[in-house]
$ cat final.csv   # CSV, N, CA and C atoms
chain,number,residue,atom,x,y,z
K,23,MET,N,-17.9,25.7,-25.6
K,23,MET,CA,-17.9,24.2,-25.5
K,23,MET,C,-18.1,23.8,-24.1
K,24,PRO,N,-18.9,22.7,-23.9
K,24,PRO,CA,-19.2,22.2,-22.5
K,24,PRO,C,-17.9,21.6,-21.9
K,25,ARG,N,-17.9,21.7,-20.6
K,25,ARG,CA,-16.8,21.0,-19.8
K,25,ARG,C,-17.3,19.8,-19.1
K,26,PHE,N,-16.5,18.8,-19.0
K,26,PHE,CA,-16.9,17.5,-18.4
K,26,PHE,C,-15.8,17.1,-17.3
K,27,LEU,N,-16.3,16.7,-16.2
K,27,LEU,CA,-15.5,16.1,-15.1
K,27,LEU,C,-15.6,14.6,-15.2
K,28,THR,N,-14.4,14.0,-15.3
K,28,THR,CA,-14.4,12.5,-15.3
K,28,THR,C,-13.8,12.1,-13.9
K,29,LEU,N,-14.5,11.3,-13.2
K,29,LEU,CA,-14.1,10.8,-11.9
K,29,LEU,C,-13.7,9.3,-12.1
K,30,ILE,N,-12.4,9.0,-11.8
K,30,ILE,CA,-11.9,7.7,-12.0
K,30,ILE,C,-12.1,6.9,-10.7
K,31,ARG,N,-12.9,5.9,-10.7
K,31,ARG,CA,-13.1,5.1,-9.5
K,31,ARG,C,-12.3,3.8,-9.5
K,32,ILE,N,-11.6,3.5,-8.4
K,32,ILE,CA,-10.9,2.3,-8.3
K,32,ILE,C,-11.2,1.6,-7.0
K,33,ASP,N,-10.9,0.3,-6.9
K,33,ASP,CA,-11.0,-0.5,-5.7
K,33,ASP,C,-9.6,-0.5,-5.1
K,34,GLU,N,-9.3,0.3,-4.1
K,34,GLU,CA,-7.9,0.4,-3.6
K,34,GLU,C,-7.4,-1.0,-3.1
K,35,LYS,N,-8.3,-1.8,-2.6
K,35,LYS,CA,-7.9,-3.1,-2.1
K,35,LYS,C,-7.4,-4.1,-3.2
K,36,ASN,N,-7.9,-3.9,-4.4
K,36,ASN,CA,-7.6,-4.8,-5.5
K,36,ASN,C,-6.7,-4.2,-6.6
K,37,ALA,N,-6.2,-3.0,-6.4
K,37,ALA,CA,-5.3,-2.3,-7.3
K,37,ALA,C,-3.9,-3.0,-7.1
K,38,PRO,N,-3.1,-3.1,-8.2
K,38,PRO,CA,-1.8,-3.6,-8.1
K,38,PRO,C,-1.0,-2.9,-7.0
K,39,ALA,N,-0.4,-3.6,-6.1
K,39,ALA,CA,0.4,-3.0,-5.0
K,39,ALA,C,1.6,-2.2,-5.6
K,40,GLU,N,2.1,-2.6,-6.7
K,40,GLU,CA,3.3,-1.9,-7.3
K,40,GLU,C,2.8,-0.7,-8.1
K,41,GLY,N,1.5,-0.5,-8.2
K,41,GLY,CA,1.0,0.6,-9.0
K,41,GLY,C,1.0,0.3,-10.5
K,42,PRO,N,0.8,1.4,-11.3
K,42,PRO,CA,0.8,1.2,-12.7
K,42,PRO,C,2.1,0.7,-13.3
K,43,SER,N,2.1,-0.1,-14.3
K,43,SER,CA,3.3,-0.6,-14.9
K,43,SER,C,3.9,0.5,-15.8
K,44,PRO,N,5.2,0.4,-16.0
K,44,PRO,CA,5.9,1.4,-16.9
K,44,PRO,C,5.2,1.5,-18.3
K,45,GLU,N,4.8,0.3,-18.8
K,45,GLU,CA,4.1,0.3,-20.1
K,45,GLU,C,2.8,1.1,-20.0
K,46,LEU,N,2.0,0.9,-19.0
K,46,LEU,CA,0.8,1.7,-18.8
K,46,LEU,C,1.1,3.1,-18.7
K,47,MET,N,2.1,3.5,-17.9
K,47,MET,CA,2.4,4.9,-17.8
K,47,MET,C,2.8,5.5,-19.2
K,48,GLU,N,3.5,4.7,-20.0
K,48,GLU,CA,3.9,5.2,-21.3
K,48,GLU,C,2.7,5.4,-22.2
K,49,ARG,N,1.8,4.4,-22.2
K,49,ARG,CA,0.5,4.6,-23.0
K,49,ARG,C,-0.3,5.8,-22.5
K,50,MET,N,-0.4,5.9,-21.2
K,50,MET,CA,-1.2,7.0,-20.6
K,50,MET,C,-0.6,8.3,-21.0
K,51,GLY,N,0.7,8.4,-20.9
K,51,GLY,CA,1.4,9.7,-21.2
K,51,GLY,C,1.2,10.1,-22.6
K,52,ALA,N,1.2,9.1,-23.6
K,52,ALA,CA,1.0,9.4,-25.0
K,52,ALA,C,-0.4,9.9,-25.2
K,53,LEU,N,-1.4,9.2,-24.5
K,53,LEU,CA,-2.8,9.7,-24.7
K,53,LEU,C,-3.0,11.1,-24.1
K,54,LEU,N,-2.4,11.3,-22.9
K,54,LEU,CA,-2.5,12.7,-22.3
K,54,LEU,C,-1.9,13.7,-23.2
K,55,GLU,N,-0.8,13.4,-23.8
K,55,GLU,CA,-0.2,14.4,-24.8
K,55,GLU,C,-1.1,14.6,-25.9
K,56,GLU,N,-1.7,13.6,-26.5
K,56,GLU,CA,-2.6,13.7,-27.6
K,56,GLU,C,-3.8,14.6,-27.2
K,57,ILE,N,-4.4,14.3,-26.1
K,57,ILE,CA,-5.6,15.0,-25.7
K,57,ILE,C,-5.3,16.5,-25.3
K,58,THR,N,-4.1,16.7,-24.8
K,58,THR,CA,-3.7,18.1,-24.5
K,58,THR,C,-3.5,18.8,-25.8
K,59,LYS,N,-2.8,18.2,-26.8
K,59,LYS,CA,-2.5,18.9,-28.1
K,59,LYS,C,-3.8,19.1,-28.8
K,60,ALA,N,-4.8,18.3,-28.6
K,60,ALA,CA,-6.1,18.5,-29.3
K,60,ALA,C,-6.9,19.7,-28.6
K,61,GLY,N,-6.4,20.2,-27.5
K,61,GLY,CA,-7.1,21.3,-26.9
K,61,GLY,C,-8.2,20.9,-26.0
K,62,VAL,N,-8.3,19.6,-25.6
K,62,VAL,CA,-9.4,19.1,-24.9
K,62,VAL,C,-9.1,19.1,-23.4
K,63,MET,N,-7.9,18.7,-23.0
K,63,MET,CA,-7.5,18.5,-21.6
K,63,MET,C,-7.3,19.9,-20.9
K,64,LEU,N,-8.1,20.1,-19.8
K,64,LEU,CA,-7.9,21.3,-19.0
K,64,LEU,C,-7.1,21.0,-17.8
K,65,ASP,N,-7.3,19.8,-17.1
K,65,ASP,CA,-6.6,19.5,-15.9
K,65,ASP,C,-6.8,18.0,-15.7
K,66,THR,N,-5.8,17.3,-15.1
K,66,THR,CA,-5.9,15.9,-14.7
K,66,THR,C,-4.9,15.6,-13.6
K,67,ALA,N,-5.3,14.7,-12.7
K,67,ALA,CA,-4.3,14.2,-11.7
K,67,ALA,C,-4.9,13.0,-11.1
K,68,GLY,N,-3.9,12.2,-10.5
K,68,GLY,CA,-4.3,11.1,-9.7
K,68,GLY,C,-4.4,11.6,-8.2
K,69,LEU,N,-5.0,10.8,-7.4
K,69,LEU,CA,-5.2,11.2,-6.0
K,69,LEU,C,-4.4,10.3,-5.1
K,70,LYS,N,-4.0,10.8,-4.0
K,70,LYS,CA,-3.3,10.0,-3.0
K,70,LYS,C,-4.3,9.0,-2.4
K,71,PRO,N,-3.8,8.0,-1.8
K,71,PRO,CA,-4.7,6.9,-1.2
K,71,PRO,C,-5.6,7.5,-0.1
K,72,THR,N,-6.8,6.9,0.1
K,72,THR,CA,-7.7,7.3,1.1
K,72,THR,C,-7.1,7.3,2.5
K,73,SER,N,-6.1,6.5,2.7
K,73,SER,CA,-5.4,6.5,4.0
K,73,SER,C,-4.8,7.9,4.4
K,74,GLU,N,-4.6,8.7,3.4
K,74,GLU,CA,-4.1,10.1,3.6
K,74,GLU,C,-5.1,11.1,3.5
K,75,GLY,N,-6.4,10.7,3.4
K,75,GLY,CA,-7.5,11.7,3.2
K,75,GLY,C,-8.3,11.9,4.5
K,76,THR,N,-9.2,12.9,4.5
K,76,THR,CA,-10.1,13.2,5.5
K,76,THR,C,-11.4,13.5,4.9
K,77,ARG,N,-12.5,12.9,5.4
K,77,ARG,CA,-13.9,13.3,5.0
K,77,ARG,C,-14.4,14.3,6.0
K,78,VAL,N,-15.0,15.3,5.4
K,78,VAL,CA,-15.7,16.4,6.2
K,78,VAL,C,-17.2,16.3,6.0
K,79,THR,N,-17.9,16.1,7.0
K,79,THR,CA,-19.4,15.9,6.9
K,79,THR,C,-20.1,17.0,7.6
K,80,TRP,N,-21.2,17.5,7.0
K,80,TRP,CA,-22.1,18.4,7.7
K,80,TRP,C,-23.4,17.6,7.9
K,81,SER,N,-23.8,17.4,9.2
K,81,SER,CA,-25.0,16.7,9.6
K,81,SER,C,-25.5,17.2,10.9
K,82,GLY,N,-26.8,17.4,10.9
K,82,GLY,CA,-27.4,17.8,12.1
K,82,GLY,C,-26.9,19.2,12.6
K,83,GLY,N,-26.5,20.0,11.7
K,83,GLY,CA,-25.9,21.3,12.1
K,83,GLY,C,-24.5,21.3,12.7
K,84,LYS,N,-23.8,20.2,12.5
K,84,LYS,CA,-22.5,20.0,13.0
K,84,LYS,C,-21.5,19.5,12.0
K,85,ILE,N,-20.3,19.9,12.1
K,85,ILE,CA,-19.2,19.4,11.2
K,85,ILE,C,-18.6,18.2,11.9
K,86,GLY,N,-18.3,17.2,11.1
K,86,GLY,CA,-17.6,16.0,11.5
K,86,GLY,C,-16.4,15.7,10.6
K,87,TYR,N,-15.4,15.1,11.2
K,87,TYR,CA,-14.2,14.8,10.4
K,87,TYR,C,-13.9,13.3,10.6
K,88,THR,N,-13.6,12.6,9.5
K,88,THR,CA,-13.2,11.2,9.6
K,88,THR,C,-12.0,11.0,8.8
K,89,ASP,N,-10.9,10.6,9.4
K,89,ASP,CA,-9.6,10.3,8.7
K,89,ASP,C,-9.7,9.0,8.0
K,90,GLY,N,-9.0,8.9,6.9
K,90,GLY,CA,-9.0,7.6,6.1
K,90,GLY,C,-8.1,6.6,6.8
K,91,PRO,N,-8.0,5.4,6.3
K,91,PRO,CA,-8.7,5.0,5.1
K,91,PRO,C,-10.2,4.8,5.3
K,92,PHE,N,-10.9,4.8,4.2
K,92,PHE,CA,-12.4,4.7,4.3
K,92,PHE,C,-12.7,3.2,3.9
K,93,THR,N,-12.6,2.4,4.9
K,93,THR,CA,-12.8,0.9,4.6
K,93,THR,C,-14.2,0.5,4.2
K,94,GLU,N,-15.2,1.3,4.5
K,94,GLU,CA,-16.5,1.0,4.1
K,94,GLU,C,-16.8,1.2,2.6
K,95,SER,N,-15.9,1.9,1.9
K,95,SER,CA,-16.0,2.2,0.5
K,95,SER,C,-15.3,1.1,-0.3
K,96,LYS,N,-16.1,0.5,-1.2
K,96,LYS,CA,-15.5,-0.5,-2.1
K,96,LYS,C,-14.7,0.3,-3.2
K,97,GLU,N,-15.3,1.3,-3.8
K,97,GLU,CA,-14.7,2.1,-4.8
K,97,GLU,C,-14.4,3.5,-4.3
K,98,VAL,N,-13.3,4.0,-4.6
K,98,VAL,CA,-13.0,5.4,-4.2
K,98,VAL,C,-12.5,6.1,-5.5
K,99,ILE,N,-12.5,7.5,-5.4
K,99,ILE,CA,-12.0,8.3,-6.5
K,99,ILE,C,-10.5,8.2,-6.5
K,100,GLY,N,-9.9,7.7,-7.5
K,100,GLY,CA,-8.5,7.5,-7.6
K,100,GLY,C,-7.8,8.6,-8.5
K,101,GLY,N,-8.7,9.4,-9.2
K,101,GLY,CA,-8.1,10.5,-10.0
K,101,GLY,C,-9.3,11.2,-10.7
K,102,TYR,N,-8.9,12.2,-11.5
K,102,TYR,CA,-10.0,12.9,-12.2
K,102,TYR,C,-9.4,13.6,-13.5
K,103,SER,N,-10.2,14.0,-14.4
K,103,SER,CA,-9.8,14.9,-15.5
K,103,SER,C,-10.9,15.9,-15.7
K,104,LEU,N,-10.5,17.0,-16.1
K,104,LEU,CA,-11.5,18.1,-16.5
K,104,LEU,C,-11.1,18.4,-18.0
K,105,ILE,N,-12.1,18.1,-18.8
K,105,ILE,CA,-11.9,18.3,-20.3
K,105,ILE,C,-13.0,19.2,-20.8
K,106,GLN,N,-12.7,19.8,-22.0
K,106,GLN,CA,-13.6,20.6,-22.7
K,106,GLN,C,-13.8,19.9,-24.0
K,107,ALA,N,-15.0,19.4,-24.3
K,107,ALA,CA,-15.3,18.7,-25.5
K,107,ALA,C,-16.5,19.3,-26.2
K,108,LYS,N,-16.7,18.9,-27.5
K,108,LYS,CA,-17.8,19.5,-28.2
K,108,LYS,C,-19.1,19.0,-27.7
K,109,ASP,N,-19.1,17.7,-27.2
K,109,ASP,CA,-20.4,17.1,-26.7
K,109,ASP,C,-20.0,15.9,-25.8
K,110,LYS,N,-21.0,15.3,-25.2
K,110,LYS,CA,-20.8,14.2,-24.3
K,110,LYS,C,-20.2,13.0,-25.0
K,111,ALA,N,-20.6,12.8,-26.3
K,111,ALA,CA,-20.1,11.7,-27.1
K,111,ALA,C,-18.5,11.8,-27.2
K,112,GLU,N,-18.0,13.0,-27.4
K,112,GLU,CA,-16.6,13.2,-27.5
K,112,GLU,C,-15.9,12.9,-26.1
K,113,ALA,N,-16.6,13.4,-25.1
K,113,ALA,CA,-16.0,13.2,-23.7
K,113,ALA,C,-16.0,11.7,-23.4
K,114,LEU,N,-17.0,11.0,-23.8
K,114,LEU,CA,-17.0,9.5,-23.6
K,114,LEU,C,-16.0,8.8,-24.4
K,115,GLU,N,-15.7,9.2,-25.6
K,115,GLU,CA,-14.7,8.6,-26.4
K,115,GLU,C,-13.3,8.8,-25.8
K,116,TRP,N,-13.0,10.0,-25.3
K,116,TRP,CA,-11.7,10.2,-24.7
K,116,TRP,C,-11.6,9.3,-23.4
K,117,THR,N,-12.7,9.2,-22.7
K,117,THR,CA,-12.7,8.4,-21.5
K,117,THR,C,-12.5,6.9,-21.8
K,118,LYS,N,-13.1,6.4,-22.8
K,118,LYS,CA,-13.0,5.1,-23.3
K,118,LYS,C,-11.5,4.8,-23.6
K,119,ARG,N,-10.9,5.7,-24.3
K,119,ARG,CA,-9.5,5.5,-24.7
K,119,ARG,C,-8.6,5.5,-23.5
K,120,PHE,N,-8.9,6.3,-22.5
K,120,PHE,CA,-8.1,6.3,-21.3
K,120,PHE,C,-8.2,5.0,-20.6
K,121,LEU,N,-9.4,4.5,-20.5
K,121,LEU,CA,-9.6,3.2,-19.8
K,121,LEU,C,-8.9,2.1,-20.5
K,122,GLU,N,-8.9,2.1,-21.9
K,122,GLU,CA,-8.3,1.1,-22.7
K,122,GLU,C,-6.7,1.1,-22.6
K,123,THR,N,-6.1,2.1,-22.0
K,123,THR,CA,-4.7,2.1,-21.8
K,123,THR,C,-4.3,1.1,-20.7
K,124,HIS,N,-5.2,0.7,-19.9
K,124,HIS,CA,-4.9,-0.2,-18.7
K,124,HIS,C,-4.9,-1.6,-19.1
K,125,GLU,N,-4.1,-2.4,-18.4
K,125,GLU,CA,-4.1,-3.8,-18.6
K,125,GLU,C,-5.4,-4.5,-18.1
K,126,ASP,N,-5.6,-5.7,-18.5
K,126,ASP,CA,-6.8,-6.4,-18.2
K,126,ASP,C,-7.0,-6.6,-16.7
K,127,HIS,N,-6.0,-6.7,-15.9
K,127,HIS,CA,-6.1,-7.0,-14.5
K,127,HIS,C,-6.6,-5.8,-13.7
K,128,TRP,N,-6.7,-4.6,-14.3
K,128,TRP,CA,-7.3,-3.4,-13.7
K,128,TRP,C,-8.8,-3.4,-13.7
K,129,THR,N,-9.5,-3.0,-12.7
K,129,THR,CA,-10.9,-2.8,-12.7
K,129,THR,C,-11.1,-1.3,-12.4
K,130,ILE,N,-11.6,-0.6,-13.3
K,130,ILE,CA,-11.7,0.9,-13.2
K,130,ILE,C,-13.1,1.3,-13.7
K,131,THR,N,-13.7,2.2,-13.0
K,131,THR,CA,-15.0,2.8,-13.5
K,131,THR,C,-14.8,4.3,-13.6
K,132,ALA,N,-15.2,4.8,-14.7
K,132,ALA,CA,-15.1,6.3,-15.0
K,132,ALA,C,-16.5,6.9,-15.0
K,133,GLU,N,-16.8,7.9,-14.2
K,133,GLU,CA,-18.0,8.6,-14.2
K,133,GLU,C,-17.8,9.9,-14.9
K,134,VAL,N,-18.5,10.2,-16.0
K,134,VAL,CA,-18.4,11.4,-16.8
K,134,VAL,C,-19.6,12.2,-16.6
K,135,ARG,N,-19.4,13.5,-16.1
K,135,ARG,CA,-20.5,14.4,-15.9
K,135,ARG,C,-20.2,15.8,-16.4
K,136,GLU,N,-21.2,16.3,-17.1
K,136,GLU,CA,-21.0,17.7,-17.6
K,136,GLU,C,-21.1,18.7,-16.4
K,137,LEU,N,-20.3,19.7,-16.5
K,137,LEU,CA,-20.4,20.8,-15.4
K,137,LEU,C,-21.7,21.6,-15.7
K,138,ASP,N,-22.4,21.9,-14.7
K,138,ASP,CA,-23.6,22.8,-14.8
K,138,ASP,C,-23.1,24.2,-14.6
K,139,GLU,N,-22.9,24.9,-15.8
K,139,GLU,CA,-22.4,26.2,-15.7
K,139,GLU,C,-23.4,27.3,-15.9
K,140,GLY,N,-24.7,26.9,-15.6
K,140,GLY,CA,-25.8,27.8,-15.5
K,140,GLY,C,-26.0,28.6,-16.7
$ encode --input "final.csv" --output "C-alpha cells"
Amino acid sequence: MPRFLTLIRIDEKNAPAEGPSPELMERMGALLEEITKAGVMLDTAGLKPTSEGTRVTWSGGKIGYTDGPFTESKEVIGGYSLIQAKDKAEALEWTKRFLETHEDHWTITAEVRELDEG
C-alpha cells in the first residue's frame, strides 16, 4: 500500500494564542485513535514554533544557517502525519476529517503527497 505524507500548514501569526481548545484536542484524539486502529496511521506530530527552528541552506557551494522565527513565511509547517492508505482518495478523506475537527476560526492547509518509493 502506498504511503502519504501530509504537511499541515498554519499561519503562526493568526493561530489562537492559547492553542487548540480542549474540545478540539478531544475530537483530534478520537480521530487519531480511529485512524490508528484502522491500521492507517504510521506517525504524526505537531511541530514547535518556527522561533525555535533553524533553516539550513545550501547555496553557491556553502552552507548557511538562519534561526527562526521565519517572518517572511506566511504559512509554516505546523505538523505532519505519515499514513499508509489504499490510494490517494483514502488519504484525502482522512485529511479532510482531520481538518474538520478544527473550529471555524482556524485556517489550515494540508498538503498530501505520496512518497516516491521507487
$ atom_distance --input "final.csv" --atom1 "atom N of Gly75 of chain K" --atom2 "atom C of Leu29 of chain K"
17.2 Å
$ select_by_dssp --input "final.csv" --residues "segment 33-116 of chain K" --states "strand (DSSP E or B)" --output "PyMOL selection string"
chain K and resi 63-68+76-81+84-89+98-106
$ write_last_selection --input "final.csv" --atoms "N, CA and C atoms" --output "PDB file, in the frame of the given file"
ATOM      1  N   MET K  63      -7.900  18.700 -23.000  1.00  0.00           N
ATOM      2  CA  MET K  63      -7.500  18.500 -21.600  1.00  0.00           C
ATOM      3  C   MET K  63      -7.300  19.900 -20.900  1.00  0.00           C
ATOM      4  N   LEU K  64      -8.100  20.100 -19.800  1.00  0.00           N
ATOM      5  CA  LEU K  64      -7.900  21.300 -19.000  1.00  0.00           C
ATOM      6  C   LEU K  64      -7.100  21.000 -17.800  1.00  0.00           C
ATOM      7  N   ASP K  65      -7.300  19.800 -17.100  1.00  0.00           N
ATOM      8  CA  ASP K  65      -6.600  19.500 -15.900  1.00  0.00           C
ATOM      9  C   ASP K  65      -6.800  18.000 -15.700  1.00  0.00           C
ATOM     10  N   THR K  66      -5.800  17.300 -15.100  1.00  0.00           N
ATOM     11  CA  THR K  66      -5.900  15.900 -14.700  1.00  0.00           C
ATOM     12  C   THR K  66      -4.900  15.600 -13.600  1.00  0.00           C
ATOM     13  N   ALA K  67      -5.300  14.700 -12.700  1.00  0.00           N
ATOM     14  CA  ALA K  67      -4.300  14.200 -11.700  1.00  0.00           C
ATOM     15  C   ALA K  67      -4.900  13.000 -11.100  1.00  0.00           C
ATOM     16  N   GLY K  68      -3.900  12.200 -10.500  1.00  0.00           N
ATOM     17  CA  GLY K  68      -4.300  11.100  -9.700  1.00  0.00           C
ATOM     18  C   GLY K  68      -4.400  11.600  -8.200  1.00  0.00           C
ATOM     19  N   THR K  76      -9.200  12.900   4.500  1.00  0.00           N
ATOM     20  CA  THR K  76     -10.100  13.200   5.500  1.00  0.00           C
ATOM     21  C   THR K  76     -11.400  13.500   4.900  1.00  0.00           C
ATOM     22  N   ARG K  77     -12.500  12.900   5.400  1.00  0.00           N
ATOM     23  CA  ARG K  77     -13.900  13.300   5.000  1.00  0.00           C
ATOM     24  C   ARG K  77     -14.400  14.300   6.000  1.00  0.00           C
ATOM     25  N   VAL K  78     -15.000  15.300   5.400  1.00  0.00           N
ATOM     26  CA  VAL K  78     -15.700  16.400   6.200  1.00  0.00           C
ATOM     27  C   VAL K  78     -17.200  16.300   6.000  1.00  0.00           C
ATOM     28  N   THR K  79     -17.900  16.100   7.000  1.00  0.00           N
ATOM     29  CA  THR K  79     -19.400  15.900   6.900  1.00  0.00           C
ATOM     30  C   THR K  79     -20.100  17.000   7.600  1.00  0.00           C
ATOM     31  N   TRP K  80     -21.200  17.500   7.000  1.00  0.00           N
ATOM     32  CA  TRP K  80     -22.100  18.400   7.700  1.00  0.00           C
ATOM     33  C   TRP K  80     -23.400  17.600   7.900  1.00  0.00           C
ATOM     34  N   SER K  81     -23.800  17.400   9.200  1.00  0.00           N
ATOM     35  CA  SER K  81     -25.000  16.700   9.600  1.00  0.00           C
ATOM     36  C   SER K  81     -25.500  17.200  10.900  1.00  0.00           C
ATOM     37  N   LYS K  84     -23.800  20.200  12.500  1.00  0.00           N
ATOM     38  CA  LYS K  84     -22.500  20.000  13.000  1.00  0.00           C
ATOM     39  C   LYS K  84     -21.500  19.500  12.000  1.00  0.00           C
ATOM     40  N   ILE K  85     -20.300  19.900  12.100  1.00  0.00           N
ATOM     41  CA  ILE K  85     -19.200  19.400  11.200  1.00  0.00           C
ATOM     42  C   ILE K  85     -18.600  18.200  11.900  1.00  0.00           C
ATOM     43  N   GLY K  86     -18.300  17.200  11.100  1.00  0.00           N
ATOM     44  CA  GLY K  86     -17.600  16.000  11.500  1.00  0.00           C
ATOM     45  C   GLY K  86     -16.400  15.700  10.600  1.00  0.00           C
ATOM     46  N   TYR K  87     -15.400  15.100  11.200  1.00  0.00           N
ATOM     47  CA  TYR K  87     -14.200  14.800  10.400  1.00  0.00           C
ATOM     48  C   TYR K  87     -13.900  13.300  10.600  1.00  0.00           C
ATOM     49  N   THR K  88     -13.600  12.600   9.500  1.00  0.00           N
ATOM     50  CA  THR K  88     -13.200  11.200   9.600  1.00  0.00           C
ATOM     51  C   THR K  88     -12.000  11.000   8.800  1.00  0.00           C
ATOM     52  N   ASP K  89     -10.900  10.600   9.400  1.00  0.00           N
ATOM     53  CA  ASP K  89      -9.600  10.300   8.700  1.00  0.00           C
ATOM     54  C   ASP K  89      -9.700   9.000   8.000  1.00  0.00           C
ATOM     55  N   VAL K  98     -13.300   4.000  -4.600  1.00  0.00           N
ATOM     56  CA  VAL K  98     -13.000   5.400  -4.200  1.00  0.00           C
ATOM     57  C   VAL K  98     -12.500   6.100  -5.500  1.00  0.00           C
ATOM     58  N   ILE K  99     -12.500   7.500  -5.400  1.00  0.00           N
ATOM     59  CA  ILE K  99     -12.000   8.300  -6.500  1.00  0.00           C
ATOM     60  C   ILE K  99     -10.500   8.200  -6.500  1.00  0.00           C
ATOM     61  N   GLY K 100      -9.900   7.700  -7.500  1.00  0.00           N
ATOM     62  CA  GLY K 100      -8.500   7.500  -7.600  1.00  0.00           C
ATOM     63  C   GLY K 100      -7.800   8.600  -8.500  1.00  0.00           C
ATOM     64  N   GLY K 101      -8.700   9.400  -9.200  1.00  0.00           N
ATOM     65  CA  GLY K 101      -8.100  10.500 -10.000  1.00  0.00           C
ATOM     66  C   GLY K 101      -9.300  11.200 -10.700  1.00  0.00           C
ATOM     67  N   TYR K 102      -8.900  12.200 -11.500  1.00  0.00           N
ATOM     68  CA  TYR K 102     -10.000  12.900 -12.200  1.00  0.00           C
ATOM     69  C   TYR K 102      -9.400  13.600 -13.500  1.00  0.00           C
ATOM     70  N   SER K 103     -10.200  14.000 -14.400  1.00  0.00           N
ATOM     71  CA  SER K 103      -9.800  14.900 -15.500  1.00  0.00           C
ATOM     72  C   SER K 103     -10.900  15.900 -15.700  1.00  0.00           C
ATOM     73  N   LEU K 104     -10.500  17.000 -16.100  1.00  0.00           N
ATOM     74  CA  LEU K 104     -11.500  18.100 -16.500  1.00  0.00           C
ATOM     75  C   LEU K 104     -11.100  18.400 -18.000  1.00  0.00           C
ATOM     76  N   ILE K 105     -12.100  18.100 -18.800  1.00  0.00           N
ATOM     77  CA  ILE K 105     -11.900  18.300 -20.300  1.00  0.00           C
ATOM     78  C   ILE K 105     -13.000  19.200 -20.800  1.00  0.00           C
ATOM     79  N   GLN K 106     -12.700  19.800 -22.000  1.00  0.00           N
ATOM     80  CA  GLN K 106     -13.600  20.600 -22.700  1.00  0.00           C
ATOM     81  C   GLN K 106     -13.800  19.900 -24.000  1.00  0.00           C
TER      82      GLN K 106
END
$ atom_distance --input "final.csv" --atom1 "atom CA of Met50 of chain K" --atom2 "atom N of Arg135 of chain K"
19.8 Å
$ select_by_dssp --input "final.csv" --residues "chain K" --states "helix (DSSP H, G or I)" --output "ChimeraX atom specification"
/K:44-59,72-74,110-122
$ closest_atom_pairs --input "final.csv" --of "segment 27-85 of chain K" --to "segment 118-125 of chain K" --cutoff "8 Å" --atoms "only N, CA and C atoms" --output "Markdown table"
| residue | atom | partner | partner_atom | distance |
| --- | --- | --- | --- | --- |
| K:Ser43 | N | K:Glu125 | N | 7.8 |
| K:Glu45 | C | K:Thr123 | C | 7.1 |
| K:Leu46 | CA | K:Thr123 | C | 5.5 |
| K:Met47 | N | K:Thr123 | C | 7.4 |
| K:Arg49 | C | K:Thr123 | CA | 5.8 |
| K:Met50 | N | K:Thr123 | CA | 5.8 |
| K:Leu53 | CA | K:Phe120 | CA | 7.2 |
| K:Leu54 | N | K:Phe120 | CA | 7.7 |
$ write_last_selection --input "final.csv" --atoms "N, CA and C atoms" --output "compact mmCIF listing (two decimals), keeping the file's coordinate frame"
# COMPACT_ATOMS: atom_id res chain seq x y z
N SER K 43 2.10 -0.10 -14.30
CA SER K 43 3.30 -0.60 -14.90
C SER K 43 3.90 0.50 -15.80
N GLU K 45 4.80 0.30 -18.80
CA GLU K 45 4.10 0.30 -20.10
C GLU K 45 2.80 1.10 -20.00
N LEU K 46 2.00 0.90 -19.00
CA LEU K 46 0.80 1.70 -18.80
C LEU K 46 1.10 3.10 -18.70
N MET K 47 2.10 3.50 -17.90
CA MET K 47 2.40 4.90 -17.80
C MET K 47 2.80 5.50 -19.20
N ARG K 49 1.80 4.40 -22.20
CA ARG K 49 0.50 4.60 -23.00
C ARG K 49 -0.30 5.80 -22.50
N MET K 50 -0.40 5.90 -21.20
CA MET K 50 -1.20 7.00 -20.60
C MET K 50 -0.60 8.30 -21.00
N LEU K 53 -1.40 9.20 -24.50
CA LEU K 53 -2.80 9.70 -24.70
C LEU K 53 -3.00 11.10 -24.10
N LEU K 54 -2.40 11.30 -22.90
CA LEU K 54 -2.50 12.70 -22.30
C LEU K 54 -1.90 13.70 -23.20
$ decode --input "final.csv" --residues "segment 123-132 of chain K" --atoms "N, CA and C atoms" --output "CSV table (one decimal), in the first residue's frame"
chain,number,residue,atom,x,y,z
K,123,THR,N,-12.0,18.6,12.3
K,123,THR,CA,-12.0,18.6,13.7
K,123,THR,C,-11.8,20.0,14.3
K,124,HIS,N,-11.3,20.9,13.5
K,124,HIS,CA,-10.9,22.2,13.9
K,124,HIS,C,-12.2,23.1,13.9
K,125,GLU,N,-12.2,24.1,14.8
K,125,GLU,CA,-13.2,25.1,14.8
K,125,GLU,C,-13.1,26.1,13.6
K,126,ASP,N,-14.1,26.8,13.4
K,126,ASP,CA,-14.2,27.7,12.2
K,126,ASP,C,-13.1,28.8,12.2
K,127,HIS,N,-12.6,29.2,13.3
K,127,HIS,CA,-11.7,30.3,13.4
K,127,HIS,C,-10.2,29.9,13.0
K,128,TRP,N,-10.0,28.6,12.8
K,128,TRP,CA,-8.7,28.1,12.4
K,128,TRP,C,-8.6,28.2,10.8
K,129,THR,N,-7.4,28.5,10.3
K,129,THR,CA,-7.2,28.5,8.9
K,129,THR,C,-6.0,27.5,8.7
K,130,ILE,N,-6.2,26.4,8.1
K,130,ILE,CA,-5.2,25.4,8.0
K,130,ILE,C,-5.2,24.8,6.5
K,131,THR,N,-4.1,24.6,6.0
K,131,THR,CA,-3.9,24.0,4.7
K,131,THR,C,-3.2,22.7,4.9
K,132,ALA,N,-3.6,21.6,4.3
K,132,ALA,CA,-3.0,20.3,4.3
K,132,ALA,C,-2.5,20.0,2.9
